[in-house]
Amino acid sequence: MIVGFDVDDMILDTATFLLRHVNLLYGTSFRKEDIETNIESLFGERKDEVERELHRLMESRADEILPLEGAVETILRVAEKHMTIAVTRRARMDEITRLSLKTHCGDAIEEVYFAGLNGNRRPKKSEVLSRVKVYRYFDDDPRIAYDCAKVGIKVGLFNQPWNQKFIQHENIAKIYGWNRVEDFLK
């Protein structure tokens, strides 16, 4: 069976990394708990400027992003029983994403798929996951979770501040930490 994982804020602690840098740059003190939809939305009128800075950071320093606590250990255990894949919407970052996952997870992540982001030509995550016939998928974005659930994919929605309000669906279960991932696979 194939188990899929999102990359940013599921395997890698991307929000903490980005917030640390934009807080220094803009003299702010935002925390993950302040995010309701995305980091850019915290900056109001400066949203577009901050979005450009976030993309620059991701493209130039993504290799510095560390895994979330418990992510690597859990993925290694899951990989002993299941094929594990990663699916991400990172634009123009194919090689650095593969390298980062290889660095942190070794060979546990067997395939990395790149899905659509903001209208680019790549397929949506739900399409990628359906095509590879994933057994379970884990993501932190409630919109992605709902899109996948609608097409019959069982999704573990990883608890984050920005997904406290999500559309309930029989195929979505809230996952409260990496120590609960394996329970969802039973």
# chains A, B, ... in the order shown; residues from 1 in each chain; ligands from 1
call {"tool": "residues_around", "arguments": {"residues": "range 45-59 of chain A", "least_positions_apart": "2", "cutoff": "8 Å", "atoms": "only C-alpha atoms", "output": "list in words"}}
result
Leu18, Val22, Glu40, Ser41, Leu42, Phe43, Arg61, Ala62, Arg92 and Met93 of chain A
call {"tool": "closest_atom_pairs", "arguments": {"of": "range 13-39 of chain A", "to": "range 66-81 of chain A", "cutoff": "10 Å", "atoms": "only C-alpha atoms", "output": "JSON lines"}}
result
{"residue": "A:Asp13", "atom": "CA", "partner": "A:Leu68", "partner_atom": "CA", "distance": 5.1}
{"residue": "A:Thr14", "atom": "CA", "partner": "A:Leu66", "partner_atom": "CA", "distance": 7.7}
{"residue": "A:Thr16", "atom": "CA", "partner": "A:Leu66", "partner_atom": "CA", "distance": 9.3}
{"residue": "A:Phe17", "atom": "CA", "partner": "A:Leu66", "partner_atom": "CA", "distance": 8.1}
call {"tool": "write_last_selection", "arguments": {"atoms": "N, CA, C and O atoms", "output": "CSV table (one decimal), in the first residue's frame"}}
result
chain,number,residue,atom,x,y,z
A,13,ASP,N,9.4,21.7,8.7
A,13,ASP,CA,8.8,22.8,9.5
A,13,ASP,C,9.1,24.1,8.8
A,13,ASP,O,9.7,25.0,9.2
A,14,THR,N,8.4,24.2,7.6
A,14,THR,CA,8.6,25.4,6.7
A,14,THR,C,8.1,26.7,7.3
A,14,THR,O,8.8,27.7,7.2
A,16,THR,N,7.9,27.7,10.5
A,16,THR,CA,8.8,28.3,11.5
A,16,THR,C,10.0,28.9,10.8
A,16,THR,O,10.5,30.0,11.2
A,17,PHE,N,10.6,28.2,9.8
A,17,PHE,CA,11.8,28.7,9.1
A,17,PHE,C,11.4,30.1,8.4
A,17,PHE,O,12.1,31.1,8.6
call {"tool": "atom_distance", "arguments": {"atom1": "CA of Gly156 in chain A", "atom2": "CA of Asp140 in chain A"}}
result
8.3 Å
call {"tool": "select_by_dssp", "arguments": {"residues": "range 4-161 of chain A", "states": "helix (DSSP H, G or I)", "output": "VMD selection string"}}
result
chain A and resid 14 to 26 32 to 34 39 to 64 71 to 81 94 to 105 125 to 132 142 to 150 161
call {"tool": "closest_residue", "arguments": {"among": "A:Ile144, A:Asp63, A:Leu185, A:His104", "to": "Met1 in chain A", "atoms": "only C-alpha atoms"}}
result
A:Leu185
call {"tool": "residues_around", "arguments": {"residues": "Lys165 in chain A", "least_positions_apart": "6", "cutoff": "12 Å", "atoms": "only C-alpha atoms", "output": "PyMOL selection string"}}
result
chain A and resi 36-37+140-143+146+157+159+174
call {"tool": "residues_around", "arguments": {"residues": "Glu95 in chain A", "least_positions_apart": "5", "cutoff": "12 Å", "atoms": "only C-alpha atoms", "output": "PyMOL selection string"}}
result
chain A and resi 59+62-63+90+100-102+112-114
call {"tool": "write_last_selection", "arguments": {"atoms": "all heavy atoms", "output": "PDB file, in the first residue's frame"}}
result
ATOM      1  N   GLU A  59      13.493  29.437  -2.478  1.00  0.00           N
ATOM      2  CA  GLU A  59      14.344  29.040  -3.585  1.00  0.00           C
ATOM      3  C   GLU A  59      15.830  29.094  -3.242  1.00  0.00           C
ATOM      4  O   GLU A  59      16.619  28.329  -3.779  1.00  0.00           O
ATOM      5  CB  GLU A  59      14.045  29.890  -4.817  1.00  0.00           C
ATOM      6  CG  GLU A  59      12.685  29.585  -5.413  1.00  0.00           C
ATOM      7  CD  GLU A  59      12.330  30.462  -6.601  1.00  0.00           C
ATOM      8  OE1 GLU A  59      13.080  31.418  -6.903  1.00  0.00           O
ATOM      9  OE2 GLU A  59      11.297  30.182  -7.223  1.00  0.00           O
ATOM     10  N   ALA A  62      16.014  26.790   1.077  1.00  0.00           N
ATOM     11  CA  ALA A  62      15.113  25.708   1.483  1.00  0.00           C
ATOM     12  C   ALA A  62      15.863  24.537   2.117  1.00  0.00           C
ATOM     13  O   ALA A  62      15.299  23.808   2.931  1.00  0.00           O
ATOM     14  CB  ALA A  62      14.285  25.228   0.305  1.00  0.00           C
ATOM     15  N   ASP A  63      17.134  24.372   1.762  1.00  0.00           N
ATOM     16  CA  ASP A  63      17.914  23.276   2.341  1.00  0.00           C
ATOM     17  C   ASP A  63      18.151  23.448   3.839  1.00  0.00           C
ATOM     18  O   ASP A  63      18.574  22.518   4.514  1.00  0.00           O
ATOM     19  CB  ASP A  63      19.244  23.124   1.600  1.00  0.00           C
ATOM     20  CG  ASP A  63      20.096  24.385   1.648  1.00  0.00           C
ATOM     21  OD1 ASP A  63      19.521  25.502   1.645  1.00  0.00           O
ATOM     22  OD2 ASP A  63      21.330  24.249   1.660  1.00  0.00           O
ATOM     23  N   ARG A  90       5.487  22.764  -4.257  1.00  0.00           N
ATOM     24  CA  ARG A  90       6.613  23.683  -4.399  1.00  0.00           C
ATOM     25  C   ARG A  90       6.882  23.964  -5.869  1.00  0.00           C
ATOM     26  O   ARG A  90       7.159  23.055  -6.635  1.00  0.00           O
ATOM     27  CB  ARG A  90       7.875  23.086  -3.783  1.00  0.00           C
ATOM     28  CG  ARG A  90       7.862  23.041  -2.283  1.00  0.00           C
ATOM     29  CD  ARG A  90       9.151  22.436  -1.791  1.00  0.00           C
ATOM     30  NE  ARG A  90       9.312  22.630  -0.352  1.00  0.00           N
ATOM     31  CZ  ARG A  90      10.441  22.395   0.293  1.00  0.00           C
ATOM     32  NH1 ARG A  90      11.502  21.964  -0.369  1.00  0.00           N
ATOM     33  NH2 ARG A  90      10.503  22.590   1.588  1.00  0.00           N
ATOM     34  N   SER A 100      16.511  17.654  -0.087  1.00  0.00           N
ATOM     35  CA  SER A 100      16.150  17.863   1.315  1.00  0.00           C
ATOM     36  C   SER A 100      15.507  16.609   1.905  1.00  0.00           C
ATOM     37  O   SER A 100      15.845  16.179   3.013  1.00  0.00           O
ATOM     38  CB  SER A 100      15.201  19.058   1.432  1.00  0.00           C
ATOM     39  OG  SER A 100      14.903  19.326   2.761  1.00  0.00           O
ATOM     40  N   LEU A 101      14.580  16.007   1.175  1.00  0.00           N
ATOM     41  CA  LEU A 101      13.937  14.780   1.660  1.00  0.00           C
ATOM     42  C   LEU A 101      14.942  13.639   1.770  1.00  0.00           C
ATOM     43  O   LEU A 101      14.908  12.863   2.728  1.00  0.00           O
ATOM     44  CB  LEU A 101      12.767  14.396   0.763  1.00  0.00           C
ATOM     45  CG  LEU A 101      11.565  15.346   0.839  1.00  0.00           C
ATOM     46  CD1 LEU A 101      10.554  15.015  -0.251  1.00  0.00           C
ATOM     47  CD2 LEU A 101      10.922  15.320   2.215  1.00  0.00           C
ATOM     48  N   LYS A 102      15.843  13.527   0.813  1.00  0.00           N
ATOM     49  CA  LYS A 102      16.886  12.485   0.846  1.00  0.00           C
ATOM     50  C   LYS A 102      17.799  12.707   2.055  1.00  0.00           C
ATOM     51  O   LYS A 102      18.149  11.754   2.755  1.00  0.00           O
ATOM     52  CB  LYS A 102      17.681  12.526  -0.460  1.00  0.00           C
ATOM     53  CG  LYS A 102      18.775  11.523  -0.550  1.00  0.00           C
ATOM     54  CD  LYS A 102      18.233  10.246  -1.069  1.00  0.00           C
ATOM     55  CE  LYS A 102      19.359   9.302  -1.442  1.00  0.00           C
ATOM     56  NZ  LYS A 102      18.883   7.941  -1.551  1.00  0.00           N
ATOM     57  N   VAL A 112       8.861  11.341  -5.216  1.00  0.00           N
ATOM     58  CA  VAL A 112       8.407  12.695  -4.919  1.00  0.00           C
ATOM     59  C   VAL A 112       7.629  13.175  -6.144  1.00  0.00           C
ATOM     60  O   VAL A 112       8.145  13.135  -7.269  1.00  0.00           O
ATOM     61  CB  VAL A 112       9.579  13.658  -4.631  1.00  0.00           C
ATOM     62  CG1 VAL A 112       9.060  15.053  -4.323  1.00  0.00           C
ATOM     63  CG2 VAL A 112      10.436  13.139  -3.480  1.00  0.00           C
ATOM     64  N   TYR A 113       6.391  13.603  -5.902  1.00  0.00           N
ATOM     65  CA  TYR A 113       5.535  14.105  -6.972  1.00  0.00           C
ATOM     66  C   TYR A 113       5.301  15.591  -6.765  1.00  0.00           C
ATOM     67  O   TYR A 113       5.127  16.041  -5.629  1.00  0.00           O
ATOM     68  CB  TYR A 113       4.188  13.373  -6.982  1.00  0.00           C
ATOM     69  CG  TYR A 113       4.311  11.904  -7.296  1.00  0.00           C
ATOM     70  CD1 TYR A 113       4.473  10.976  -6.286  1.00  0.00           C
ATOM     71  CD2 TYR A 113       4.283  11.456  -8.616  1.00  0.00           C
ATOM     72  CE1 TYR A 113       4.589   9.615  -6.569  1.00  0.00           C
ATOM     73  CE2 TYR A 113       4.395  10.111  -8.921  1.00  0.00           C
ATOM     74  CZ  TYR A 113       4.551   9.193  -7.881  1.00  0.00           C
ATOM     75  OH  TYR A 113       4.665   7.862  -8.175  1.00  0.00           O
ATOM     76  N   PHE A 114       5.255  16.325  -7.867  1.00  0.00           N
ATOM     77  CA  PHE A 114       5.049  17.766  -7.812  1.00  0.00           C
ATOM     78  C   PHE A 114       3.690  18.082  -8.405  1.00  0.00           C
ATOM     79  O   PHE A 114       3.418  17.781  -9.563  1.00  0.00           O
ATOM     80  CB  PHE A 114       6.185  18.492  -8.538  1.00  0.00           C
ATOM     81  CG  PHE A 114       7.499  18.266  -7.857  1.00  0.00           C
ATOM     82  CD1 PHE A 114       8.278  17.169  -8.174  1.00  0.00           C
ATOM     83  CD2 PHE A 114       7.912  19.117  -6.854  1.00  0.00           C
ATOM     84  CE1 PHE A 114       9.476  16.932  -7.511  1.00  0.00           C
ATOM     85  CE2 PHE A 114       9.112  18.892  -6.186  1.00  0.00           C
ATOM     86  CZ  PHE A 114       9.890  17.796  -6.515  1.00  0.00           C
TER      87      PHE A 114
END
call {"tool": "atom_distance", "arguments": {"atom1": "CA of Phe5 in chain A", "atom2": "CA of Ser29 in chain A"}}
result
29.4 Å
call {"tool": "closest_residue", "arguments": {"among": "A:Ala108, A:Phe166, A:Leu25, A:Phe184", "to": "Phe138 in chain A", "atoms": "only C-alpha atoms"}}
result
A:Phe184
call {"tool": "atom_distance", "arguments": {"atom1": "CA of Val3 in chain A", "atom2": "CA of Lys133 in chain A"}}
result
9.3 Å
call {"tool": "residues_around", "arguments": {"residues": "Thr88 in chain A", "least_positions_apart": "6", "cutoff": "10 Å", "atoms": "only C-alpha atoms", "output": "list in words"}}
result
Phe5, Asp6, Val7, Asp8, Asp94, Thr97, Val112, Tyr113, Phe114, Ala115, Gly116, Leu117, Lys124, Lys125 and Asp139 of chain A
call {"tool": "select_by_dssp", "arguments": {"residues": "chain A", "states": "strand (DSSP E or B)", "output": "ChimeraX atom specification"}}
result
/A:2-6,8,12,67,83-88,109-114,136-139,155-158,172-175
call {"tool": "decode", "arguments": {"residues": "range 139-174 of chain A", "atoms": "N, CA, C and O atoms", "output": "mmCIF file, in the first residue's frame"}}
result
data_model
loop_
_atom_site.group_PDB
_atom_site.id
_atom_site.type_symbol
_atom_site.label_atom_id
_atom_site.label_comp_id
_atom_site.auth_asym_id
_atom_site.auth_seq_id
_atom_site.Cartn_x
_atom_site.Cartn_y
_atom_site.Cartn_z
ATOM 1 N N ASP A 139 -1.709 15.687 5.111
ATOM 2 C CA ASP A 139 -1.474 17.061 4.672
ATOM 3 C C ASP A 139 -1.918 17.994 5.794
ATOM 4 O O ASP A 139 -2.666 17.587 6.687
ATOM 5 N N ASP A 140 -1.463 19.242 5.741
ATOM 6 C CA ASP A 140 -1.858 20.241 6.745
ATOM 7 C C ASP A 140 -2.831 21.276 6.185
ATOM 8 O O ASP A 140 -3.366 22.081 6.929
ATOM 9 N N ASP A 141 -3.064 21.258 4.884
ATOM 10 C CA ASP A 141 -3.925 22.257 4.245
ATOM 11 C C ASP A 141 -5.352 21.720 4.170
ATOM 12 O O ASP A 141 -5.599 20.718 3.487
ATOM 13 N N PRO A 142 -6.310 22.375 4.826
ATOM 14 C CA PRO A 142 -7.683 21.858 4.832
ATOM 15 C C PRO A 142 -8.343 21.852 3.453
ATOM 16 O O PRO A 142 -9.182 21.000 3.176
ATOM 17 N N ARG A 143 -7.938 22.769 2.592
ATOM 18 C CA ARG A 143 -8.506 22.787 1.237
ATOM 19 C C ARG A 143 -8.032 21.582 0.427
ATOM 20 O O ARG A 143 -8.818 20.960 -0.297
ATOM 21 N N ILE A 144 -6.765 21.258 0.564
ATOM 22 C CA ILE A 144 -6.214 20.080 -0.119
ATOM 23 C C ILE A 144 -6.868 18.819 0.436
ATOM 24 O O ILE A 144 -7.258 17.922 -0.315
ATOM 25 N N ALA A 145 -6.987 18.764 1.761
ATOM 26 C CA ALA A 145 -7.603 17.595 2.402
ATOM 27 C C ALA A 145 -9.019 17.379 1.871
ATOM 28 O O ALA A 145 -9.399 16.253 1.525
ATOM 29 N N TYR A 146 -9.779 18.446 1.782
ATOM 30 C CA TYR A 146 -11.163 18.325 1.317
ATOM 31 C C TYR A 146 -11.212 17.908 -0.152
ATOM 32 O O TYR A 146 -12.016 17.047 -0.541
ATOM 33 N N ASP A 147 -10.356 18.485 -0.972
ATOM 34 C CA ASP A 147 -10.314 18.129 -2.388
ATOM 35 C C ASP A 147 -9.987 16.644 -2.556
ATOM 36 O O ASP A 147 -10.591 15.958 -3.384
ATOM 37 N N CYS A 148 -9.051 16.142 -1.763
ATOM 38 C CA CYS A 148 -8.694 14.724 -1.827
ATOM 39 C C CYS A 148 -9.833 13.852 -1.294
ATOM 40 O O CYS A 148 -10.160 12.813 -1.882
ATOM 41 N N ALA A 149 -10.442 14.264 -0.200
ATOM 42 C CA ALA A 149 -11.530 13.492 0.407
ATOM 43 C C ALA A 149 -12.701 13.335 -0.548
ATOM 44 O O ALA A 149 -13.331 12.268 -0.601
ATOM 45 N N LYS A 150 -12.988 14.386 -1.312
ATOM 46 C CA LYS A 150 -14.115 14.339 -2.263
ATOM 47 C C LYS A 150 -13.945 13.252 -3.323
ATOM 48 O O LYS A 150 -14.934 12.750 -3.846
ATOM 49 N N VAL A 151 -12.704 12.893 -3.645
ATOM 50 C CA VAL A 151 -12.474 11.867 -4.655
ATOM 51 C C VAL A 151 -12.166 10.504 -4.020
ATOM 52 O O VAL A 151 -11.682 9.595 -4.690
ATOM 53 N N GLY A 152 -12.454 10.390 -2.719
ATOM 54 C CA GLY A 152 -12.352 9.090 -2.052
ATOM 55 C C GLY A 152 -11.042 8.786 -1.363
ATOM 56 O O GLY A 152 -10.844 7.661 -0.888
ATOM 57 N N ILE A 153 -10.149 9.743 -1.279
ATOM 58 C CA ILE A 153 -8.865 9.523 -0.609
ATOM 59 C C ILE A 153 -9.038 9.767 0.891
ATOM 60 O O ILE A 153 -9.593 10.784 1.300
ATOM 61 N N LYS A 154 -8.557 8.836 1.713
ATOM 62 C CA LYS A 154 -8.583 8.995 3.164
ATOM 63 C C LYS A 154 -7.415 9.899 3.555
ATOM 64 O O LYS A 154 -6.260 9.587 3.271
ATOM 65 N N VAL A 155 -7.739 11.021 4.220
ATOM 66 C CA VAL A 155 -6.737 12.036 4.523
ATOM 67 C C VAL A 155 -6.599 12.226 6.031
ATOM 68 O O VAL A 155 -7.594 12.402 6.736
ATOM 69 N N GLY A 156 -5.360 12.216 6.489
ATOM 70 C CA GLY A 156 -5.040 12.616 7.850
ATOM 71 C C GLY A 156 -4.657 14.085 7.802
ATOM 72 O O GLY A 156 -3.619 14.444 7.233
ATOM 73 N N LEU A 157 -5.509 14.944 8.348
ATOM 74 C CA LEU A 157 -5.242 16.395 8.361
ATOM 75 C C LEU A 157 -4.401 16.703 9.588
ATOM 76 O O LEU A 157 -4.872 16.639 10.716
ATOM 77 N N PHE A 158 -3.137 16.993 9.351
ATOM 78 C CA PHE A 158 -2.177 17.215 10.433
ATOM 79 C C PHE A 158 -2.478 18.540 11.132
ATOM 80 O O PHE A 158 -2.528 19.584 10.486
ATOM 81 N N ASN A 159 -2.698 18.497 12.405
ATOM 82 C CA ASN A 159 -3.115 19.659 13.183
ATOM 83 C C ASN A 159 -2.093 20.801 13.094
ATOM 84 O O ASN A 159 -0.922 20.625 13.435
ATOM 85 N N GLN A 160 -2.563 21.938 12.620
ATOM 86 C CA GLN A 160 -1.774 23.168 12.556
ATOM 87 C C GLN A 160 -2.714 24.328 12.859
ATOM 88 O O GLN A 160 -3.933 24.206 12.687
ATOM 89 N N PRO A 161 -2.188 25.480 13.289
ATOM 90 C CA PRO A 161 -3.061 26.616 13.623
ATOM 91 C C PRO A 161 -3.976 27.039 12.470
ATOM 92 O O PRO A 161 -5.104 27.466 12.702
ATOM 93 N N TRP A 162 -3.523 26.919 11.233
ATOM 94 C CA TRP A 162 -4.300 27.397 10.089
ATOM 95 C C TRP A 162 -5.371 26.412 9.631
ATOM 96 O O TRP A 162 -6.099 26.710 8.694
ATOM 97 N N ASN A 163 -5.484 25.268 10.267
ATOM 98 C CA ASN A 163 -6.532 24.351 9.817
ATOM 99 C C ASN A 163 -7.536 24.003 10.915
ATOM 100 O O ASN A 163 -8.170 22.954 10.885
ATOM 101 N N GLN A 164 -7.702 24.907 11.860
ATOM 102 C CA GLN A 164 -8.661 24.654 12.931
ATOM 103 C C GLN A 164 -10.102 24.676 12.434
ATOM 104 O O GLN A 164 -10.964 24.014 12.987
ATOM 105 N N LYS A 165 -10.331 25.440 11.395
ATOM 106 C CA LYS A 165 -11.651 25.465 10.762
ATOM 107 C C LYS A 165 -11.516 24.746 9.427
ATOM 108 O O LYS A 165 -10.852 25.227 8.523
ATOM 109 N N PHE A 166 -12.127 23.593 9.319
ATOM 110 C CA PHE A 166 -12.060 22.861 8.062
ATOM 111 C C PHE A 166 -13.402 22.206 7.798
ATOM 112 O O PHE A 166 -14.188 21.983 8.708
ATOM 113 N N ILE A 167 -13.643 21.921 6.534
ATOM 114 C CA ILE A 167 -14.900 21.301 6.139
ATOM 115 C C ILE A 167 -14.861 19.832 6.545
ATOM 116 O O ILE A 167 -13.950 19.096 6.148
ATOM 117 N N GLN A 168 -15.811 19.426 7.348
ATOM 118 C CA GLN A 168 -15.888 18.037 7.797
ATOM 119 C C GLN A 168 -16.203 17.125 6.608
ATOM 120 O O GLN A 168 -16.996 17.480 5.738
ATOM 121 N N HIS A 169 -15.583 15.974 6.596
ATOM 122 C CA HIS A 169 -15.851 14.980 5.558
ATOM 123 C C HIS A 169 -15.510 13.611 6.144
ATOM 124 O O HIS A 169 -14.563 13.482 6.927
ATOM 125 N N GLU A 170 -16.268 12.600 5.749
ATOM 126 C CA GLU A 170 -16.043 11.261 6.288
ATOM 127 C C GLU A 170 -14.654 10.714 5.974
ATOM 128 O O GLU A 170 -14.168 9.816 6.663
ATOM 129 N N ASN A 171 -13.985 11.247 4.967
ATOM 130 C CA ASN A 171 -12.647 10.785 4.593
ATOM 131 C C ASN A 171 -11.521 11.611 5.215
ATOM 132 O O ASN A 171 -10.362 11.407 4.880
ATOM 133 N N ILE A 172 -11.863 12.546 6.106
ATOM 134 C CA ILE A 172 -10.839 13.375 6.761
ATOM 135 C C ILE A 172 -10.845 13.085 8.255
ATOM 136 O O ILE A 172 -11.884 13.129 8.905
ATOM 137 N N ALA A 173 -9.653 12.808 8.779
ATOM 138 C CA ALA A 173 -9.479 12.636 10.220
ATOM 139 C C ALA A 173 -8.392 13.597 10.677
ATOM 140 O O ALA A 173 -7.347 13.714 10.037
ATOM 141 N N LYS A 174 -8.620 14.296 11.770
ATOM 142 C CA LYS A 174 -7.615 15.218 12.307
ATOM 143 C C LYS A 174 -6.539 14.388 12.997
ATOM 144 O O LYS A 174 -6.839 13.469 13.763
#
